[in-house]
Amino acid sequence: MKAVSILAVSALTLSIAVAAQAADIKIAFNSVDDPASSGEATFAHAFADALEGTDFKVDLYPSETLGKEKERLDQVSTGLLEINLSAISTAYAVSPALKGITLPFYFDSNAQLDAIVAQGPLMETINAPLLAMGVNMVGINFIGTPMGIHNAKKDVATVADLADLRFRALNPEQLDLMEALGSNGTIIAWAEVANAIQTGVADGYFNPPSSAIRGGHTGFLTHYTPADLFPSTRAILMSDDWYNGLSDDEKSQIDEAIKAGLDANRAWLADWTTGVAAVQTELGVTITPLAAGERDKMKALAEPLWATTLTADQLALWQDAKASVE
């Protein structure tokens, strides 16, 4: 009987520990904790608000306070971090099919991307290698309007205007795009970007307006072209082991909180899209639209990259998903 009592106490202790673990949710993201200017913070707060009144307690960790991208991916994989808003490039290092989100000039709108990633076969393919390491991609979070062209030197309205500019690239894929458009670039860590541009190592970068605004770069990146290169997104990654350890009711609560976060993010994006140009102008940025026909020229130059970014099977999967929503 004594042995049984000890086992019973041990089981009770373990169940209490598991329950406590399930009730605590950490959500990490890159940006500052400002829902007014950050689509990441908007998602995180809406997610947390949706779980008020439940047994879950949500703690927000902005500004990489839980580590850099790779560290946070490892934490999600091991169950130490429940939810992470990850750079797309971090996620597609594990799941190369996800590179489709960065295909230049592939998407007509953010709404079209939403419809495409809702297609089951595509998401199953994207998630397979992530799930193998205990990570589940449960959605796409927008962090601003599509990628545009920032630079410190001049207005850019044509492909020819790019020829004498050197840009900071995030990764080899961006470098390939810059070269395809007749410019050149160099890969520079984000922490070094401001110094690189101010010292002439680079003249600008491809990013949404939100990056320059939140980074405090508009003082020297005074020219912007809304070229709509590709959507500006982050991947919502969730610990699969943690989620599968929840009860059915708890899973439903998490599912609803994810939906609430996505809905809030899309509402934020709609407001941000209509007001961001005024913010840029107030900060002294000159906005120069592409001249008639120039985006089509850029698309023609960049389209061959689709077949080098993805395998033939991966590209076919994205094309099938796109065709199904058109």
# chains A, B, ... in the order shown; residues from 1 in each chain; ligands from 1
>>> closest_atom_pairs(of="region 54-125 of chain A", to="region 129-142 of chain A", cutoff="12 Å", atoms="only C-alpha atoms", output="tab-separated table")
residue	atom	partner	partner_atom	distance
A:Arg72	CA	A:Val135	CA	11.2
A:Leu73	CA	A:Val135	CA	8.2
A:Asp74	CA	A:Met133	CA	9.0
A:Gln75	CA	A:Val135	CA	9.8
A:Val76	CA	A:Val135	CA	6.4
A:Ser77	CA	A:Gly134	CA	4.8
A:Thr78	CA	A:Gly134	CA	7.0
A:Gly79	CA	A:Gly134	CA	7.9
A:Leu80	CA	A:Gly134	CA	11.3
A:Leu81	CA	A:Val135	CA	10.4
A:Glu82	CA	A:Val135	CA	9.5
A:Ile83	CA	A:Val135	CA	9.5
A:Asn84	CA	A:Met137	CA	9.7
A:Leu85	CA	A:Asn141	CA	7.7
A:Ser86	CA	A:Asn141	CA	9.3
A:Ala87	CA	A:Asn141	CA	10.1
A:Ile88	CA	A:Ile140	CA	9.1
A:Thr90	CA	A:Leu130	CA	11.1
A:Ala91	CA	A:Leu130	CA	8.0
A:Tyr92	CA	A:Leu130	CA	9.2
A:Ala93	CA	A:Leu130	CA	9.9
A:Val94	CA	A:Leu130	CA	6.4
A:Ser95	CA	A:Pro129	CA	5.7
A:Pro96	CA	A:Pro129	CA	9.1
A:Ala97	CA	A:Pro129	CA	9.8
A:Leu98	CA	A:Met137	CA	10.4
A:Ile101	CA	A:Ile140	CA	9.8
A:Ser109	CA	A:Phe142	CA	12.0
A:Asn110	CA	A:Phe142	CA	8.5
A:Ala111	CA	A:Phe142	CA	10.8
A:Leu113	CA	A:Ile140	CA	9.2
A:Asp114	CA	A:Ile140	CA	7.8
A:Ala115	CA	A:Ile140	CA	11.1
A:Ile116	CA	A:Ile140	CA	11.1
A:Val117	CA	A:Gly139	CA	8.2
A:Ala118	CA	A:Gly139	CA	8.8
A:Gln119	CA	A:Gly139	CA	11.8
A:Met123	CA	A:Met137	CA	8.5
A:Glu124	CA	A:Pro129	CA	9.5
A:Thr125	CA	A:Pro129	CA	7.9
>>> select_by_dssp(residues="region 151-280 of chain A", states="strand (DSSP E)", output="number ranges by chain")
A: 151, 166-169, 184-187, 204-207, 223-225, 233-239
>>> closest_atom_pairs(of="region 68-132 of chain A", to="region 174-194 of chain A", cutoff="12 Å", atoms="only C-alpha atoms", output="Markdown table")
| residue | atom | partner | partner_atom | distance |
| --- | --- | --- | --- | --- |
| A:Lys68 | CA | A:Trp190 | CA | 11.7 |
| A:Ser89 | CA | A:Gln174 | CA | 10.8 |
| A:Lys99 | CA | A:Gln174 | CA | 11.5 |
| A:Thr102 | CA | A:Gln174 | CA | 8.9 |
| A:Leu103 | CA | A:Leu177 | CA | 9.5 |
| A:Pro104 | CA | A:Leu177 | CA | 7.7 |
| A:Phe105 | CA | A:Leu177 | CA | 10.7 |
>>> write_last_selection(atoms="all heavy atoms", output="compact mmCIF listing (two decimals), in the first residue's frame")
# COMPACT_ATOMS: atom_id res chain seq x y z
N LYS A 68 17.64 34.77 -31.09
CA LYS A 68 17.58 35.02 -32.53
C LYS A 68 16.72 33.95 -33.20
O LYS A 68 16.21 33.02 -32.57
CB LYS A 68 18.98 35.03 -33.12
CG LYS A 68 19.89 36.10 -32.53
CD LYS A 68 19.42 37.50 -32.89
CE LYS A 68 20.39 38.56 -32.38
NZ LYS A 68 19.94 39.93 -32.68
N SER A 89 12.37 33.03 -44.05
CA SER A 89 13.63 32.39 -44.43
C SER A 89 14.06 31.34 -43.41
O SER A 89 14.67 30.33 -43.76
CB SER A 89 14.73 33.44 -44.62
OG SER A 89 14.91 34.21 -43.45
N LYS A 99 9.54 28.57 -49.80
CA LYS A 99 10.15 29.66 -50.56
C LYS A 99 9.20 30.26 -51.58
O LYS A 99 9.41 31.37 -52.07
CB LYS A 99 11.40 29.17 -51.28
CG LYS A 99 12.61 28.91 -50.40
CD LYS A 99 13.82 28.52 -51.23
CE LYS A 99 15.04 28.27 -50.37
NZ LYS A 99 16.23 27.92 -51.19
N THR A 102 8.14 33.84 -51.40
CA THR A 102 9.07 34.91 -51.79
C THR A 102 9.29 34.99 -53.30
O THR A 102 10.16 35.73 -53.75
CB THR A 102 10.43 34.71 -51.10
OG1 THR A 102 11.07 33.53 -51.62
CG2 THR A 102 10.27 34.58 -49.60
N LEU A 103 8.50 34.26 -54.10
CA LEU A 103 8.65 34.35 -55.55
C LEU A 103 8.34 35.78 -56.00
O LEU A 103 7.23 36.28 -55.76
CB LEU A 103 7.72 33.37 -56.26
CG LEU A 103 8.01 31.88 -56.05
CD1 LEU A 103 6.97 31.04 -56.78
CD2 LEU A 103 9.42 31.52 -56.49
N PRO A 104 9.27 36.46 -56.63
CA PRO A 104 9.04 37.86 -57.00
C PRO A 104 7.95 38.02 -58.05
O PRO A 104 7.93 37.29 -59.06
CB PRO A 104 10.41 38.31 -57.54
CG PRO A 104 11.10 37.06 -57.94
CD PRO A 104 10.62 35.99 -57.01
N PHE A 105 7.01 38.93 -57.78
CA PHE A 105 5.93 39.27 -58.70
C PHE A 105 5.00 38.09 -58.97
O PHE A 105 4.31 38.08 -60.00
CB PHE A 105 6.50 39.81 -60.02
CG PHE A 105 7.45 40.95 -59.84
CD1 PHE A 105 8.82 40.75 -59.99
CD2 PHE A 105 7.01 42.22 -59.51
CE1 PHE A 105 9.72 41.79 -59.81
CE2 PHE A 105 7.90 43.28 -59.33
CZ PHE A 105 9.26 43.06 -59.48
>>> closest_residue(among="A:Leu237, A:Val159, A:Ala50, A:Ala169", to="Ala302 (chain A)", atoms="only C-alpha atoms")
A:Val159
>>> residues_around(residues="Tyr224 (chain A)", least_positions_apart="6", cutoff="10 Å", atoms="only C-alpha atoms", output="ChimeraX atom specification")
/A:148-152,154-157,204-209,212,218,277,280,285-289
>>> write_last_selection(atoms="N, CA and C atoms", output="PDB file, in the first residue's frame")
ATOM      1  N   GLY A 148       9.022  46.760 -51.063  1.00  0.00           N
ATOM      2  CA  GLY A 148       9.319  47.838 -51.999  1.00  0.00           C
ATOM      3  C   GLY A 148      10.805  48.133 -52.004  1.00  0.00           C
ATOM      4  N   ILE A 149      11.179  49.176 -52.713  1.00  0.00           N
ATOM      5  CA  ILE A 149      12.596  49.507 -52.909  1.00  0.00           C
ATOM      6  C   ILE A 149      12.922  50.793 -52.162  1.00  0.00           C
ATOM      7  N   HIS A 150      13.766  50.695 -51.144  1.00  0.00           N
ATOM      8  CA  HIS A 150      14.229  51.845 -50.374  1.00  0.00           C
ATOM      9  C   HIS A 150      15.655  52.187 -50.818  1.00  0.00           C
ATOM     10  N   ASN A 151      15.939  53.479 -50.958  1.00  0.00           N
ATOM     11  CA  ASN A 151      17.333  53.852 -51.200  1.00  0.00           C
ATOM     12  C   ASN A 151      17.616  55.267 -50.712  1.00  0.00           C
ATOM     13  N   ALA A 152      18.887  55.562 -50.561  1.00  0.00           N
ATOM     14  CA  ALA A 152      19.315  56.833 -49.973  1.00  0.00           C
ATOM     15  C   ALA A 152      19.736  57.861 -51.018  1.00  0.00           C
ATOM     16  N   LYS A 154      18.258  58.410 -54.759  1.00  0.00           N
ATOM     17  CA  LYS A 154      17.475  59.017 -55.827  1.00  0.00           C
ATOM     18  C   LYS A 154      16.109  58.347 -55.964  1.00  0.00           C
ATOM     19  N   ASP A 155      15.234  59.019 -56.728  1.00  0.00           N
ATOM     20  CA  ASP A 155      13.950  58.419 -57.060  1.00  0.00           C
ATOM     21  C   ASP A 155      14.172  57.246 -58.010  1.00  0.00           C
ATOM     22  N   VAL A 156      13.423  56.178 -57.806  1.00  0.00           N
ATOM     23  CA  VAL A 156      13.495  55.017 -58.694  1.00  0.00           C
ATOM     24  C   VAL A 156      12.110  54.799 -59.300  1.00  0.00           C
ATOM     25  N   ALA A 157      12.018  55.007 -60.614  1.00  0.00           N
ATOM     26  CA  ALA A 157      10.749  54.837 -61.313  1.00  0.00           C
ATOM     27  C   ALA A 157      10.832  53.816 -62.434  1.00  0.00           C
ATOM     28  N   GLY A 204      20.683  50.948 -50.089  1.00  0.00           N
ATOM     29  CA  GLY A 204      19.316  50.738 -49.652  1.00  0.00           C
ATOM     30  C   GLY A 204      19.008  49.268 -49.484  1.00  0.00           C
ATOM     31  N   TYR A 205      17.706  48.935 -49.448  1.00  0.00           N
ATOM     32  CA  TYR A 205      17.304  47.537 -49.333  1.00  0.00           C
ATOM     33  C   TYR A 205      15.901  47.350 -49.874  1.00  0.00           C
ATOM     34  N   PHE A 206      15.523  46.078 -50.057  1.00  0.00           N
ATOM     35  CA  PHE A 206      14.170  45.700 -50.452  1.00  0.00           C
ATOM     36  C   PHE A 206      13.433  45.288 -49.179  1.00  0.00           C
ATOM     37  N   ASN A 207      12.429  46.070 -48.803  1.00  0.00           N
ATOM     38  CA  ASN A 207      11.692  45.802 -47.576  1.00  0.00           C
ATOM     39  C   ASN A 207      10.362  46.552 -47.619  1.00  0.00           C
ATOM     40  N   PRO A 208       9.421  46.208 -46.760  1.00  0.00           N
ATOM     41  CA  PRO A 208       8.204  47.013 -46.651  1.00  0.00           C
ATOM     42  C   PRO A 208       8.509  48.329 -45.929  1.00  0.00           C
ATOM     43  N   PRO A 209       7.649  49.325 -46.070  1.00  0.00           N
ATOM     44  CA  PRO A 209       7.867  50.590 -45.359  1.00  0.00           C
ATOM     45  C   PRO A 209       7.998  50.421 -43.852  1.00  0.00           C
ATOM     46  N   ALA A 212      11.641  50.194 -42.459  1.00  0.00           N
ATOM     47  CA  ALA A 212      12.397  51.442 -42.373  1.00  0.00           C
ATOM     48  C   ALA A 212      11.858  52.338 -41.262  1.00  0.00           C
ATOM     49  N   THR A 218      14.398  56.010 -41.858  1.00  0.00           N
ATOM     50  CA  THR A 218      13.849  56.971 -42.816  1.00  0.00           C
ATOM     51  C   THR A 218      14.649  58.278 -42.851  1.00  0.00           C
ATOM     52  N   ALA A 277       1.628  55.510 -46.300  1.00  0.00           N
ATOM     53  CA  ALA A 277       2.252  56.495 -47.185  1.00  0.00           C
ATOM     54  C   ALA A 277       2.299  57.871 -46.517  1.00  0.00           C
ATOM     55  N   GLN A 280       5.158  57.861 -44.063  1.00  0.00           N
ATOM     56  CA  GLN A 280       6.437  58.000 -44.749  1.00  0.00           C
ATOM     57  C   GLN A 280       6.680  59.455 -45.171  1.00  0.00           C
ATOM     58  N   VAL A 285      10.175  61.028 -46.434  1.00  0.00           N
ATOM     59  CA  VAL A 285      10.467  60.071 -47.503  1.00  0.00           C
ATOM     60  C   VAL A 285       9.706  60.467 -48.771  1.00  0.00           C
ATOM     61  N   THR A 286      10.417  60.490 -49.896  1.00  0.00           N
ATOM     62  CA  THR A 286       9.790  60.734 -51.186  1.00  0.00           C
ATOM     63  C   THR A 286       9.325  59.405 -51.774  1.00  0.00           C
ATOM     64  N   ILE A 287       8.041  59.313 -52.100  1.00  0.00           N
ATOM     65  CA  ILE A 287       7.480  58.078 -52.651  1.00  0.00           C
ATOM     66  C   ILE A 287       7.336  58.233 -54.159  1.00  0.00           C
ATOM     67  N   THR A 288       7.966  57.340 -54.903  1.00  0.00           N
ATOM     68  CA  THR A 288       7.967  57.406 -56.362  1.00  0.00           C
ATOM     69  C   THR A 288       7.380  56.125 -56.936  1.00  0.00           C
ATOM     70  N   PRO A 289       6.182  56.176 -57.501  1.00  0.00           N
ATOM     71  CA  PRO A 289       5.618  54.969 -58.118  1.00  0.00           C
ATOM     72  C   PRO A 289       6.415  54.571 -59.353  1.00  0.00           C
TER      73      PRO A 289
END
>>> select_by_dssp(residues="region 66-172 of chain A", states="helix (DSSP H, G or I)", output="VMD selection string")
chain A and resid 69 to 78 88 to 92 96 to 102 110 to 117 120 to 131 160 to 162 172
>>> residues_around(residues="region 25-37 of chain A", least_positions_apart="4", cutoff="10 Å", atoms="only C-alpha atoms", output="MDAnalysis selection string")
chainID A and resid 21 41:48 56:69 72 80:87 143:144 210:211 213:215 234 236:238 242 264:265 268:269 271:272 276
>>> atom_distance(atom1="CA of Leu290 (chain A)", atom2="CA of Pro146 (chain A)")
14.2 Å
>>> atom_distance(atom1="CA of Ile126 (chain A)", atom2="CA of Asp248 (chain A)")
24.8 Å
>>> closest_residue(among="A:His217, A:Lys259, A:Lys251, A:Lys299", to="Leu229 (chain A)", atoms="only C-alpha atoms")
A:Lys299
